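A.B. asks: Would you mind keeping the following structure in view while I ask a few things?
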Amino acid sequence: MPILEIITYGNPVLVQRAEEIKKIDKTIIELAQNMVQTMHATPGIGLAAPQVNVSRRLITIDLSVGENNEDLIILINPELINQEGEIILEEGCLSVPEINEKVTRPTRVVVKGMDLEGKEIMIEAEGSLARVFCHEIDHLNGKLFFERLSPLKQSLIKKKLRKRAQAGKVE
Ligand SMILES: [Zn+2]
């Protein structure tokens, strides 16, 4: 299975609302498998399809990064149906390399979605898992984690990222 390229800030796919998955065909199953492989190889604890340049509503999460099979979550059309509490913790993103910022997220969430067999599943999550769910579902709505910060912080980060992109082009 191939490792997919993870796109970064500046790519328009990251700011689009990803499309609902209506039919779980071979393409979707392969995409999910490749995303898991890519997430483990990178390594990362969560990945959303737009991050591999596919604007569809699919996320993969594994807090154990491949250590524990039971921790692997593949969710199609995930929806946040309930959230509780607030906690501020540092967060980063594979699509926004080298930027880590403190972000407020709920402490507890309930997420609804479908597995690869099309079966509806409901997951109650707390702590890190709740945070990763929020982060990945944000990706499906075209929202990056630093867009949850104050407008001032956001513009500082965008400036930094633009500078970095320009430096990259000169090389
Ligand atoms: Zn991310």
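Ordered as shown in the structure tokens, chains take letters A, B, and onward, while each chain numbers its residues from 1 and ligands are numbered from 1 in the order shown.
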Find the residues near ligand 1. Use a cut-off of 10 Å, count only C-alpha atoms and all ligand atoms, and write them as number ranges by chain.

C.D. replies: A: 8, 14, 44-48, 50-51, 91-97, 132, 134-139, 143-146

A.B. asks: Would you list, as a count of residues only, the residues of range 30-73 of chain A that end up in helix (DSSP H, G or I) under DSSP run on this structure's backbone?

C.D. replies: 19

A.B. asks: Counting only C-alpha atoms, figure out which residue out of A:Ala32, A:Leu140, A:Leu161, A:Ala41 gets nearest to Glu79 in chain A.

C.D. replies: A:Leu140

A.B. asks: Counting only C-alpha atoms, figure out which residue out of A:Ile59, A:Val13, A:Val103, A:Ile87 gets nearest to Glu147 in chain A.

C.D. replies: A:Val103

A.B. asks: List every residue of chain A that DSSP, applied to the backbone of this structure, assigns to strand (DSSP E or B), and report them as a compact mmCIF listing (two decimals) with N, CA, C and O atoms, in the first residue's frame.

C.D. replies:
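File part_9.txt, as written:
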# COMPACT_ATOMS: atom_id res chain seq x y z
N GLU A 19 -16.54 16.64 0.75
CA GLU A 19 -17.81 16.09 0.28
C GLU A 19 -18.20 14.82 1.05
O GLU A 19 -17.34 13.98 1.37
N GLY A 46 -3.67 11.16 13.86
CA GLY A 46 -4.93 11.36 13.16
C GLY A 46 -4.68 11.93 11.78
O GLY A 46 -3.68 12.62 11.55
N LEU A 47 -5.58 11.60 10.87
CA LEU A 47 -5.47 12.10 9.50
C LEU A 47 -6.88 12.27 8.92
O LEU A 47 -7.75 11.43 9.16
N ALA A 48 -7.07 13.34 8.17
CA ALA A 48 -8.34 13.56 7.48
C ALA A 48 -8.05 13.52 5.98
O ALA A 48 -6.99 13.97 5.54
N ARG A 56 -12.99 14.44 0.68
CA ARG A 56 -14.10 13.57 1.07
C ARG A 56 -14.12 13.46 2.59
O ARG A 56 -13.09 13.64 3.24
N LEU A 58 -13.76 11.60 5.40
CA LEU A 58 -13.18 10.36 5.94
C LEU A 58 -12.01 10.71 6.85
O LEU A 58 -11.17 11.53 6.49
N ILE A 59 -12.01 10.13 8.06
CA ILE A 59 -10.90 10.36 8.98
C ILE A 59 -10.36 9.04 9.53
O ILE A 59 -11.09 8.05 9.63
N THR A 60 -9.08 9.04 9.86
CA THR A 60 -8.49 7.90 10.55
C THR A 60 -7.79 8.43 11.80
O THR A 60 -7.19 9.51 11.78
N ILE A 61 -7.92 7.66 12.89
CA ILE A 61 -7.32 8.07 14.16
C ILE A 61 -6.69 6.83 14.80
O ILE A 61 -7.26 5.74 14.76
N ILE A 73 -9.27 3.84 14.57
CA ILE A 73 -10.63 4.27 14.23
C ILE A 73 -10.63 4.77 12.80
O ILE A 73 -9.81 5.62 12.42
N ILE A 74 -11.54 4.22 11.98
CA ILE A 74 -11.74 4.72 10.62
C ILE A 74 -13.20 5.14 10.57
O ILE A 74 -14.09 4.33 10.82
N LEU A 75 -13.43 6.41 10.29
CA LEU A 75 -14.81 6.90 10.35
C LEU A 75 -15.17 7.68 9.09
O LEU A 75 -14.46 8.59 8.67
N ILE A 76 -16.32 7.28 8.52
CA ILE A 76 -16.83 7.93 7.32
C ILE A 76 -17.93 8.90 7.73
O ILE A 76 -18.76 8.58 8.60
N ASN A 77 -17.96 10.05 7.11
CA ASN A 77 -18.95 11.10 7.41
C ASN A 77 -19.11 11.37 8.91
O ASN A 77 -20.24 11.38 9.43
N PRO A 78 -18.00 11.56 9.64
CA PRO A 78 -18.12 11.78 11.09
C PRO A 78 -18.81 13.09 11.41
O PRO A 78 -18.65 14.08 10.68
N GLU A 79 -19.59 13.05 12.47
CA GLU A 79 -20.35 14.23 12.90
C GLU A 79 -20.22 14.37 14.40
O GLU A 79 -20.38 13.39 15.12
N LEU A 80 -19.97 15.58 14.85
CA LEU A 80 -19.90 15.85 16.28
C LEU A 80 -21.35 16.06 16.74
O LEU A 80 -21.97 17.04 16.34
N ILE A 81 -21.88 15.14 17.54
CA ILE A 81 -23.28 15.32 17.91
C ILE A 81 -23.46 15.85 19.33
O ILE A 81 -24.54 16.27 19.71
N ASN A 82 -22.40 15.80 20.11
CA ASN A 82 -22.47 16.38 21.45
C ASN A 82 -21.07 16.73 21.94
O ASN A 82 -20.11 16.05 21.60
N GLN A 83 -20.97 17.78 22.72
CA GLN A 83 -19.67 18.13 23.31
C GLN A 83 -19.86 18.78 24.67
O GLN A 83 -20.86 19.44 24.91
N GLU A 84 -18.87 18.54 25.53
CA GLU A 84 -18.94 19.04 26.90
C GLU A 84 -17.59 19.53 27.35
O GLU A 84 -16.55 19.00 26.94
N ILE A 87 -11.01 22.51 27.52
CA ILE A 87 -9.65 22.36 28.01
C ILE A 87 -8.69 22.95 26.98
O ILE A 87 -8.91 22.82 25.77
N ILE A 88 -7.66 23.63 27.48
CA ILE A 88 -6.68 24.26 26.59
C ILE A 88 -5.40 23.43 26.61
O ILE A 88 -4.82 23.22 27.67
N LEU A 89 -5.01 22.95 25.44
CA LEU A 89 -3.77 22.17 25.34
C LEU A 89 -3.07 22.49 24.03
O LEU A 89 -3.70 22.93 23.07
N GLU A 90 -1.76 22.22 24.02
CA GLU A 90 -0.99 22.49 22.81
C GLU A 90 -1.35 21.47 21.72
O GLU A 90 -1.54 20.30 22.00
N GLU A 91 -1.45 21.99 20.51
CA GLU A 91 -1.84 21.15 19.39
C GLU A 91 -0.97 21.45 18.18
O GLU A 91 -0.47 22.55 18.03
N GLY A 92 -0.82 20.46 17.33
CA GLY A 92 -0.08 20.65 16.08
C GLY A 92 -0.82 19.95 14.97
O GLY A 92 -1.85 19.32 15.20
N CYS A 93 -0.29 20.06 13.75
CA CYS A 93 -0.96 19.45 12.60
C CYS A 93 0.06 19.09 11.54
O CYS A 93 0.97 19.88 11.26
N VAL A 96 0.40 21.63 8.93
CA VAL A 96 0.94 22.94 9.34
C VAL A 96 2.23 22.66 10.13
O VAL A 96 2.27 22.83 11.34
N PRO A 97 3.27 22.18 9.44
CA PRO A 97 4.45 21.69 10.15
C PRO A 97 5.11 22.77 11.03
O PRO A 97 5.13 23.95 10.66
N GLU A 98 5.63 22.30 12.16
CA GLU A 98 6.42 23.12 13.08
C GLU A 98 5.67 24.25 13.76
O GLU A 98 6.29 25.15 14.32
N ILE A 99 4.35 24.22 13.71
CA ILE A 99 3.57 25.22 14.44
C ILE A 99 2.79 24.47 15.52
O ILE A 99 2.04 23.56 15.23
N ASN A 100 3.03 24.85 16.77
CA ASN A 100 2.27 24.27 17.87
C ASN A 100 1.68 25.41 18.68
O ASN A 100 2.39 26.33 19.05
N GLU A 101 0.38 25.33 18.93
CA GLU A 101 -0.30 26.40 19.66
C GLU A 101 -1.32 25.80 20.61
O GLU A 101 -1.85 24.73 20.36
N LYS A 102 -1.58 26.56 21.68
CA LYS A 102 -2.59 26.11 22.63
C LYS A 102 -3.99 26.40 22.08
O LYS A 102 -4.29 27.53 21.71
N VAL A 103 -4.80 25.35 22.02
CA VAL A 103 -6.14 25.46 21.45
C VAL A 103 -7.18 24.96 22.47
O VAL A 103 -6.95 23.96 23.14
N THR A 104 -8.29 25.67 22.56
CA THR A 104 -9.38 25.25 23.43
C THR A 104 -10.24 24.22 22.70
O THR A 104 -10.67 24.45 21.57
N ARG A 105 -10.46 23.10 23.37
CA ARG A 105 -11.31 22.03 22.80
C ARG A 105 -12.21 21.48 23.90
O ARG A 105 -11.88 21.59 25.08
N ARG A 108 -15.03 16.35 26.34
CA ARG A 108 -15.76 15.12 26.05
C ARG A 108 -16.63 15.36 24.81
O ARG A 108 -17.27 16.40 24.70
N VAL A 109 -16.63 14.39 23.90
CA VAL A 109 -17.47 14.51 22.70
C VAL A 109 -18.19 13.21 22.40
O VAL A 109 -17.76 12.13 22.83
N VAL A 110 -19.27 13.32 21.67
CA VAL A 110 -19.91 12.13 21.09
C VAL A 110 -19.89 12.33 19.58
O VAL A 110 -20.31 13.37 19.07
N VAL A 111 -19.35 11.33 18.89
CA VAL A 111 -19.20 11.41 17.44
C VAL A 111 -19.98 10.26 16.79
O VAL A 111 -19.95 9.13 17.27
N LYS A 112 -20.68 10.60 15.72
CA LYS A 112 -21.43 9.60 14.98
C LYS A 112 -20.86 9.50 13.58
O LYS A 112 -20.44 10.51 13.00
N GLY A 113 -20.81 8.29 13.04
CA GLY A 113 -20.31 8.12 11.68
C GLY A 113 -20.57 6.71 11.20
O GLY A 113 -21.39 6.00 11.79
N MET A 114 -19.87 6.33 10.13
CA MET A 114 -20.03 4.99 9.58
C MET A 114 -18.68 4.31 9.51
O MET A 114 -17.67 4.97 9.27
N GLU A 120 -23.60 2.18 11.02
CA GLU A 120 -23.53 3.42 11.80
C GLU A 120 -22.88 3.14 13.15
O GLU A 120 -23.22 2.16 13.82
N ILE A 121 -21.93 3.99 13.52
CA ILE A 121 -21.32 3.82 14.84
C ILE A 121 -21.31 5.14 15.60
O ILE A 121 -21.26 6.23 15.02
N MET A 122 -21.35 5.00 16.91
CA MET A 122 -21.37 6.15 17.80
C MET A 122 -20.22 5.96 18.77
O MET A 122 -20.06 4.90 19.36
N ILE A 123 -19.39 6.98 18.91
CA ILE A 123 -18.22 6.87 19.80
C ILE A 123 -18.25 8.00 20.83
O ILE A 123 -18.39 9.17 20.46
N GLU A 124 -18.12 7.64 22.09
CA GLU A 124 -17.96 8.64 23.15
C GLU A 124 -16.48 8.74 23.44
O GLU A 124 -15.83 7.73 23.66
N ALA A 125 -15.96 9.95 23.42
CA ALA A 125 -14.51 10.10 23.62
C ALA A 125 -14.21 11.20 24.62
O ALA A 125 -14.94 12.18 24.72
N GLU A 126 -13.10 11.01 25.33
CA GLU A 126 -12.63 12.01 26.30
C GLU A 126 -11.17 12.32 26.01
O GLU A 126 -10.49 11.58 25.32

A.B. asks: Taking only C-alpha atoms into account, which of A:Gly168, A:Gly85, A:Leu149, A:Ile157 comes nearest Gly127 in chain A?

C.D. replies: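 Using only C-alpha atoms, the shortest distance to Gly127 in chain A belongs to A:Gly85.
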
A.B. asks: Residues at most 10 Å from Glu67 in chain A, counting only C-alpha atoms, excluding those fewer than 5 positions away in the same chain, as a list in words?

C.D. replies: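 Residues near the query, excluding close chain neighbours: His40, Asp62 and Leu72 of chain A.
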
A.B. asks: Go ahead and dump the residues you just picked, all heavy atoms, as an mmCIF file, in the first residue's frame.

C.D. replies:
data_model
loop_
_atom_site.group_PDB
_atom_site.id
_atom_site.type_symbol
_atom_site.label_atom_id
_atom_site.label_comp_id
_atom_site.auth_asym_id
_atom_site.auth_seq_id
_atom_site.Cartn_x
_atom_site.Cartn_y
_atom_site.Cartn_z
ATOM 1 N N HIS A 40 0.472 6.030 10.123
ATOM 2 C CA HIS A 40 1.429 5.262 10.917
ATOM 3 C C HIS A 40 2.862 5.572 10.516
ATOM 4 O O HIS A 40 3.741 5.668 11.370
ATOM 5 C CB HIS A 40 1.163 3.764 10.774
ATOM 6 C CG HIS A 40 -0.059 3.319 11.522
ATOM 7 N ND1 HIS A 40 -0.724 2.159 11.236
ATOM 8 C CD2 HIS A 40 -0.738 3.884 12.542
ATOM 9 C CE1 HIS A 40 -1.759 2.015 12.059
ATOM 10 N NE2 HIS A 40 -1.793 3.060 12.859
ATOM 11 N N ASP A 62 -5.507 7.000 15.364
ATOM 12 C CA ASP A 62 -4.894 5.926 16.139
ATOM 13 C C ASP A 62 -3.938 6.528 17.160
ATOM 14 O O ASP A 62 -2.805 6.875 16.835
ATOM 15 C CB ASP A 62 -4.149 4.957 15.199
ATOM 16 C CG ASP A 62 -3.582 3.766 15.955
ATOM 17 O OD1 ASP A 62 -3.698 3.729 17.204
ATOM 18 O OD2 ASP A 62 -3.020 2.873 15.297
ATOM 19 N N LEU A 72 -7.350 1.732 16.569
ATOM 20 C CA LEU A 72 -7.550 2.283 15.225
ATOM 21 C C LEU A 72 -9.032 2.592 14.970
ATOM 22 O O LEU A 72 -9.895 1.751 15.157
ATOM 23 C CB LEU A 72 -7.040 1.293 14.168
ATOM 24 C CG LEU A 72 -7.218 1.747 12.717
ATOM 25 C CD1 LEU A 72 -6.398 2.996 12.415
ATOM 26 C CD2 LEU A 72 -6.845 0.631 11.755
#

A.B. asks: Ranking A:Met35, A:Val52, A:Ile21, A:Ile29 by minimum distance to Ile6 in chain A and counting only C-alpha atoms, which one comes first?

C.D. replies: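 Checking each candidate against Ile6 in chain A, we get A:Val52 as the closest.
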
A.B. asks: Using only C-alpha atoms, which of the listed residues (A:Val36, A:Ala167, A:Val65, A:Leu116) sits closest to Ile3 in chain A?

C.D. replies: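 Result for the nearest residue to Ile3 in chain A: A:Val36.
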
A.B. asks: In Å to one decimal, how far is CA of Ala130 in chain A from CA of Glu5 in chain A?

C.D. replies: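 For CA of Glu5 in chain A relative to CA of Ala130 in chain A, the distance reads 25.7 Å.
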
A.B. asks: Can you measure CA of Asn69 in chain A to CA of Thr107 in chain A for me? One decimal in Å is fine.

C.D. replies: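 These two atoms are separated by 24.1 Å.
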
A.B. asks: Rank A:Arg17, A:Lys160, A:Arg148, A:Lys119 by their smallest atom-to-atom distance to Val54 in chain A, using only C-alpha atoms, and report the top residue only.

C.D. replies: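 Ranking A:Arg17, A:Lys160, A:Arg148, A:Lys119 by distance to Val54 in chain A, first place goes to A:Arg17.
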
A.B. asks: What gap, in Å, lies between CA of Met1 in chain A and CA of Asn53 in chain A?

C.D. replies: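 A separation of 16.9 Å between them.
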